[in-house]
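J.: Here it is, the structure, as structure tokens.
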Amino acid sequence: MIPLNPILSHIDNIPSTAGKFKPEKSSVCYIHHRLRFHISHPKLTLWPIIFLSFILFFFFLSPTSTTAPRRGLRTTTTTSHGGSSRWETRLKSSAKPRSCTGHTVLVTGAVGFIGAHASVALKRRGDGVVGLDNFNRYYDVNLKHSRKSKLLDRAGVFVVEGDINDDVLLRRIFDLVQFTHVLHLAAQAGVRYAMINPNSYIKSNIDGFVNLLEAVKSITEPPAMVWASSSSVYGLNSKVPFSEKDRTDQPASLYAATKKAGEEIAHAYNHIYGLSITGLRFFTVYGPWGRPDMAYFFFTKDILNRKEISIFEGDNHGTIARDFTYIDDVVKGCLSAIDTANKSSGNGGKKKGEFRIINLGNTSPVSVHKLVRILEKLLKMKAKKKVVLMPRNGDVALTHANISLARIELGYEPRMDLEMGLKKFVKWYLDYYDVKKKSSW
Ligand SMILES: O=C(O)[C@H]1O[C@H](OP(=O)(O)OP(=O)(O)OC[C@H]2O[C@@H](n3ccc(=O)[nH]c3=O)[C@H](O)[C@@H]2O)[C@H](O)[C@@H](O)[C@H]1O
């Protein structure tokens, strides 16, 4: 968002208490710079006007700072998020559950694929929900905006545009609302992209996660956290189906390594600060409003555009397969993880908050060949297939979830088989792109 007044936007760190104004050096420098610009005008008679404006400027700004920072944290009074009481009112209203038994959930990555579906499901059942998302450009940002307008806005979920690395923003949000849970889904996803932009994985999946945990642990009554880990942490593990007890110390991609690191980091925050943390290992989640970087999505696009697709195979024509899991099943798992999470005990608690790691898969792997056959049938078109040896690009040969723990802990039972799920995806895809991008077909 472009601030209307560049001077105002640079003094947004004014504390609420009148008389304590101590602008940061950069703000002062900026104001001086702006003043110098005016003073350089030949007419020195401007001086008194500038001086007067300066006085009026602070006189009018101080009384607007009505939101006193709690717990001694510095908060901003005007930000790129509007900074106004309207912004705060909308955020607070979105956070309010329909009944006093409802949860109040902050969903990070709210305009992402799983984030959008989960936010809507939480809101629909009566929980209070605030979304947070940085709308990054990893894939088509229009799709993110569409998820916001078509799913989140309609459900009444308010989305803050911001980054989990912005600790001032996080503290401001946590100051305004006492959340019971954080559903942390903001991440740099994609296995193969890690070879192109490795630092984005560190920034989101490590730095951002720690930043969020730091903010959460500073709250007097910290919310319980449920967050997205990944099936990719099993890496080169060849024992199937993958159980939570299996080894996860052989990641095949940097993405997997950052998700595994996230699990260890979460454990440390649970151990030291008593945070209740549940990590969900998602298995190749697919469905309507999905991610364009995933194979089922771009295969659909390429088949329709009569473009060649590469189907990976292992050594000696070994099958490559995934435990494709439908979005609605995963969302049910997320909601159940929220409902069953113990409270964080916080620093001073006698009991440690719980720490759980749970697989959320479909427990029926399907080969990439079969995935393509299903798409061909649904699209009524033949794919131009090129079978290639799987490159060493972060992919693994097989994923297969053991979901016994999810059944016990979450009452989780996946319902959708791949053919039915892809039917729903293709229907959505045809509708969505027919309206939006007829020309690209
Ligand atoms: O569960 C996870 O932890 C991850 O799931 C997802 O990764 P993957 O399971 O690798 O899904 P996806 O890329 O759709 O490839 C599907 C299949 O197509 C094969 N594949 C892929 C590309 C190609 O050109 N050809 C091909 O055969 C490919 O070899 C694979 O067998 C998420 O993207 C990731 O963010 C993470 O959440």
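Chain labels follow the order of the structure tokens: the first chain is A, the next B, and so on; residue numbering restarts at 1 in every chain, and ligands are counted from 1 in their shown order.
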So that I can check the surroundings of range 182-188 of chain A, please list as a list in words every protein, DNA and RNA residue that reaches within 8 Å of it, counting only C-alpha atoms and ignoring chain neighbours fewer than 3 positions away.

T.: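 Listed by chain and then number, they are Val105, Leu106, Val107, Thr108, Gly109, Ala110, Gly112, Ile114, Gly115, Asp133, Ile164, Phe179, Ser200, Tyr201, Ser204, Asn205, Pro223, Ala224, Met225, Val226, Trp227, Ala228, Tyr255 and Ile338 of chain A.
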
J.: Give me, as a list in words, the set of residues whose atoms come within 6 Å of any atom of ligand 1, counting only C-alpha atoms and all ligand atoms.

T.: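 If we count only C-alpha atoms and all ligand atoms, the neighbours of ligand 1 turn out to be Ala189, Gly190, Val191, Ser230, Ser231, Ser232, Phe282, Phe283, Thr284, Met294, Ala295, Tyr296, Ser310, Ile311, Phe312, Ile320, Ala321, Arg322, Val368 and Asp395 of chain A.
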
J.: Could you check which of A:Asn393, A:Ser367, A:Thr258, A:Thr325 is closest to Leu422 in chain A, using only C-alpha atoms?

T.: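 Looking only at the distances to Leu422 in chain A, the closest residue turns out to be A:Thr325.
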
J.: For a quick check of understanding, using only C-alpha atoms, which of A:Asp166, A:Ala268, A:Pro292, A:Val388 has the smallest distance to Asn316 in chain A?

T.: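 Among A:Asp166, A:Ala268, A:Pro292, A:Val388, it is A:Val388 that comes nearest to Asn316 in chain A.
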
J.: For CA of Thr319 in chain A and CA of Val396 in chain A, quote the distance in Å rounded to one decimal.

T.: 10.9 Å

J.: I need the residues of range 273-409 of chain A that end up classed as helix (DSSP H, G or I) by DSSP on the backbone, written out as an MDAnalysis selection string.

T.: chainID A and resid 273 295:304 315:317 327:340 368:379 404:409

J.: Using backbone DSSP assignments, extract all strand (DSSP E or B) residues from range 292-340 of chain A; output them as a ChimeraX atom specification.

T.: /A:308-313,321-322,325-326

J.: Take the residues from that selection and put them in a file with N, CA and C atoms, as an mmCIF file, in the first residue's frame.

T.:
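Contents of the output file result.cif:
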```cif
data_model
loop_
_atom_site.group_PDB
_atom_site.id
_atom_site.type_symbol
_atom_site.label_atom_id
_atom_site.label_comp_id
_atom_site.auth_asym_id
_atom_site.auth_seq_id
_atom_site.Cartn_x
_atom_site.Cartn_y
_atom_site.Cartn_z
ATOM 1 N N GLU A 308 3.912 -30.910 -23.885
ATOM 2 C CA GLU A 308 4.496 -32.161 -23.381
ATOM 3 C C GLU A 308 4.659 -32.121 -21.858
ATOM 4 N N ILE A 309 4.414 -33.251 -21.206
ATOM 5 C CA ILE A 309 4.672 -33.332 -19.761
ATOM 6 C C ILE A 309 5.731 -34.403 -19.505
ATOM 7 N N SER A 310 6.552 -34.172 -18.477
ATOM 8 C CA SER A 310 7.588 -35.148 -18.113
ATOM 9 C C SER A 310 7.089 -35.991 -16.953
ATOM 10 N N ILE A 311 7.119 -37.291 -17.164
ATOM 11 C CA ILE A 311 6.723 -38.190 -16.071
ATOM 12 C C ILE A 311 7.991 -38.850 -15.545
ATOM 13 N N PHE A 312 8.233 -38.652 -14.248
ATOM 14 C CA PHE A 312 9.471 -39.183 -13.668
ATOM 15 C C PHE A 312 9.334 -40.669 -13.385
ATOM 16 N N GLU A 313 10.446 -41.356 -13.592
ATOM 17 C CA GLU A 313 10.543 -42.781 -13.253
ATOM 18 C C GLU A 313 11.816 -43.000 -12.462
ATOM 19 N N ALA A 321 5.647 -42.717 -6.865
ATOM 20 C CA ALA A 321 4.248 -42.628 -6.396
ATOM 21 C C ALA A 321 4.131 -41.680 -5.211
ATOM 22 N N ARG A 322 2.932 -41.142 -5.075
ATOM 23 C CA ARG A 322 2.657 -40.215 -3.969
ATOM 24 C C ARG A 322 1.373 -40.616 -3.256
ATOM 25 N N THR A 325 -3.300 -36.545 -1.020
ATOM 26 C CA THR A 325 -4.317 -36.383 0.035
ATOM 27 C C THR A 325 -5.215 -35.190 -0.294
ATOM 28 N N TYR A 326 -6.511 -35.433 -0.264
ATOM 29 C CA TYR A 326 -7.473 -34.408 -0.687
ATOM 30 C C TYR A 326 -7.586 -33.296 0.361
#
```

J.: What's the 10 Å shell around range 412-415 of chain A, counting only C-alpha atoms, without same-chain residues fewer than 4 positions away, as a PyMOL selection string?

T.: chain A and resi 325-330+332-334+336-337+360-363+403-408+420-421

J.: Write to file, as a PDB file, in the first residue's frame, the residues of the selection just made, with N, CA and C atoms.

T.:
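And here is the file that came out, out.pdb:
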```
ATOM      1  N   THR A 325      -3.300 -36.545  -1.020  1.00  0.00           N
ATOM      2  CA  THR A 325      -4.317 -36.383   0.035  1.00  0.00           C
ATOM      3  C   THR A 325      -5.215 -35.190  -0.294  1.00  0.00           C
ATOM      4  N   TYR A 326      -6.511 -35.433  -0.264  1.00  0.00           N
ATOM      5  CA  TYR A 326      -7.473 -34.408  -0.687  1.00  0.00           C
ATOM      6  C   TYR A 326      -7.586 -33.296   0.361  1.00  0.00           C
ATOM      7  N   ILE A 327      -7.757 -32.091  -0.126  1.00  0.00           N
ATOM      8  CA  ILE A 327      -7.767 -30.910   0.729  1.00  0.00           C
ATOM      9  C   ILE A 327      -8.784 -30.998   1.885  1.00  0.00           C
ATOM     10  N   ASP A 328      -9.999 -31.498   1.610  1.00  0.00           N
ATOM     11  CA  ASP A 328     -11.012 -31.508   2.681  1.00  0.00           C
ATOM     12  C   ASP A 328     -10.597 -32.437   3.823  1.00  0.00           C
ATOM     13  N   ASP A 329      -9.937 -33.539   3.463  1.00  0.00           N
ATOM     14  CA  ASP A 329      -9.462 -34.454   4.509  1.00  0.00           C
ATOM     15  C   ASP A 329      -8.396 -33.764   5.367  1.00  0.00           C
ATOM     16  N   VAL A 330      -7.493 -33.054   4.696  1.00  0.00           N
ATOM     17  CA  VAL A 330      -6.421 -32.360   5.424  1.00  0.00           C
ATOM     18  C   VAL A 330      -6.995 -31.261   6.323  1.00  0.00           C
ATOM     19  N   LYS A 332      -9.939 -31.200   7.692  1.00  0.00           N
ATOM     20  CA  LYS A 332     -10.546 -31.842   8.870  1.00  0.00           C
ATOM     21  C   LYS A 332      -9.467 -32.199   9.882  1.00  0.00           C
ATOM     22  N   GLY A 333      -8.343 -32.694   9.392  1.00  0.00           N
ATOM     23  CA  GLY A 333      -7.221 -33.022  10.276  1.00  0.00           C
ATOM     24  C   GLY A 333      -6.705 -31.787  11.012  1.00  0.00           C
ATOM     25  N   CYS A 334      -6.621 -30.663  10.308  1.00  0.00           N
ATOM     26  CA  CYS A 334      -6.136 -29.413  10.933  1.00  0.00           C
ATOM     27  C   CYS A 334      -7.104 -28.967  12.042  1.00  0.00           C
ATOM     28  N   SER A 336      -9.231 -30.739  13.675  1.00  0.00           N
ATOM     29  CA  SER A 336      -9.195 -31.678  14.783  1.00  0.00           C
ATOM     30  C   SER A 336      -7.930 -31.472  15.633  1.00  0.00           C
ATOM     31  N   ALA A 337      -6.827 -31.154  14.976  1.00  0.00           N
ATOM     32  CA  ALA A 337      -5.586 -30.888  15.722  1.00  0.00           C
ATOM     33  C   ALA A 337      -5.775 -29.670  16.627  1.00  0.00           C
ATOM     34  N   LEU A 360      -0.522 -36.669   8.199  1.00  0.00           N
ATOM     35  CA  LEU A 360      -1.864 -36.508   7.605  1.00  0.00           C
ATOM     36  C   LEU A 360      -1.773 -36.893   6.138  1.00  0.00           C
ATOM     37  N   GLY A 361      -1.969 -38.184   5.872  1.00  0.00           N
ATOM     38  CA  GLY A 361      -1.892 -38.674   4.499  1.00  0.00           C
ATOM     39  C   GLY A 361      -3.164 -39.395   4.128  1.00  0.00           C
ATOM     40  N   ASN A 362      -3.131 -40.031   2.957  1.00  0.00           N
ATOM     41  CA  ASN A 362      -4.317 -40.746   2.484  1.00  0.00           C
ATOM     42  C   ASN A 362      -4.144 -42.251   2.666  1.00  0.00           C
ATOM     43  N   THR A 363      -2.917 -42.625   2.905  1.00  0.00           N
ATOM     44  CA  THR A 363      -2.471 -44.008   3.104  1.00  0.00           C
ATOM     45  C   THR A 363      -2.813 -44.938   1.932  1.00  0.00           C
ATOM     46  N   ILE A 403      -1.233 -43.772   9.158  1.00  0.00           N
ATOM     47  CA  ILE A 403      -2.054 -42.744   9.822  1.00  0.00           C
ATOM     48  C   ILE A 403      -2.663 -43.236  11.149  1.00  0.00           C
ATOM     49  N   SER A 404      -2.036 -44.279  11.718  1.00  0.00           N
ATOM     50  CA  SER A 404      -2.571 -44.806  12.989  1.00  0.00           C
ATOM     51  C   SER A 404      -2.617 -43.727  14.072  1.00  0.00           C
ATOM     52  N   LEU A 405      -1.547 -42.953  14.166  1.00  0.00           N
ATOM     53  CA  LEU A 405      -1.499 -41.936  15.220  1.00  0.00           C
ATOM     54  C   LEU A 405      -2.571 -40.856  14.979  1.00  0.00           C
ATOM     55  N   ALA A 406      -2.747 -40.484  13.704  1.00  0.00           N
ATOM     56  CA  ALA A 406      -3.770 -39.474  13.376  1.00  0.00           C
ATOM     57  C   ALA A 406      -5.161 -39.990  13.751  1.00  0.00           C
ATOM     58  N   ARG A 407      -5.363 -41.301  13.546  1.00  0.00           N
ATOM     59  CA  ARG A 407      -6.668 -41.884  13.927  1.00  0.00           C
ATOM     60  C   ARG A 407      -6.875 -41.764  15.430  1.00  0.00           C
ATOM     61  N   ILE A 408      -5.842 -42.093  16.187  1.00  0.00           N
ATOM     62  CA  ILE A 408      -5.968 -42.075  17.657  1.00  0.00           C
ATOM     63  C   ILE A 408      -6.077 -40.635  18.176  1.00  0.00           C
ATOM     64  N   MET A 420     -11.912 -39.355  -7.487  1.00  0.00           N
ATOM     65  CA  MET A 420     -13.001 -38.449  -7.084  1.00  0.00           C
ATOM     66  C   MET A 420     -12.466 -37.041  -6.787  1.00  0.00           C
ATOM     67  N   GLY A 421     -11.332 -37.009  -6.103  1.00  0.00           N
ATOM     68  CA  GLY A 421     -10.733 -35.721  -5.724  1.00  0.00           C
ATOM     69  C   GLY A 421     -10.289 -34.936  -6.946  1.00  0.00           C
TER      70      GLY A 421
END
```

J.: Would you pick out the contacts of Ala215 in chain A at 9 Å or less, using only C-alpha atoms, so that residues sharing its chain but fewer than 6 positions from it are not included, and give the list as number ranges by chain?

T.: A: 167, 170-171, 174

J.: Could you check the closest approach to Ser146 in chain A for each of A:Leu236, A:Leu122, A:Leu375, A:Ala116 and tell me which residue wins, using only C-alpha atoms?

T.: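 Closest candidate: A:Ala116.
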
J.: Against range 81-99 of chain A, which residues of range 103-148 of chain A fall within 10 Å? For each one I want the closest pair of atoms and the distance in Å (one decimal), counting only C-alpha atoms, rows by chain and increasing residue number, as a tab-separated table.

T.:
```
residue	atom	partner	partner_atom	distance
A:His103	CA	A:Pro97	CA	6.2
A:Thr104	CA	A:Ala95	CA	5.8
A:Val105	CA	A:Ala95	CA	7.1
A:Leu106	CA	A:Ala95	CA	8.0
A:Leu122	CA	A:Pro97	CA	9.6
A:Lys123	CA	A:Pro97	CA	8.1
A:Arg124	CA	A:Arg98	CA	9.6
A:Arg125	CA	A:Arg98	CA	8.6
A:Gly126	CA	A:Arg98	CA	4.9
A:Asp127	CA	A:Pro97	CA	4.4
A:Gly128	CA	A:Pro97	CA	3.9
A:Val129	CA	A:Ala95	CA	4.8
A:Val130	CA	A:Ala95	CA	5.5
A:Gly131	CA	A:Ser94	CA	9.1
```

J.: In terms of the shortest atom-to-atom distance over only C-alpha atoms, which of A:Val331, A:Met381, A:Leu152, A:Val111 is closest to Asp302 in chain A?

T.: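 Residue with the minimum atom-to-atom distance to Asp302 in chain A: A:Met381.
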
J.: CA of Thr220 in chain A and CA of Val120 in chain A are how many Å apart?

T.: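 Atom-to-atom, CA of Thr220 in chain A and CA of Val120 in chain A are spaced 27.9 Å apart.
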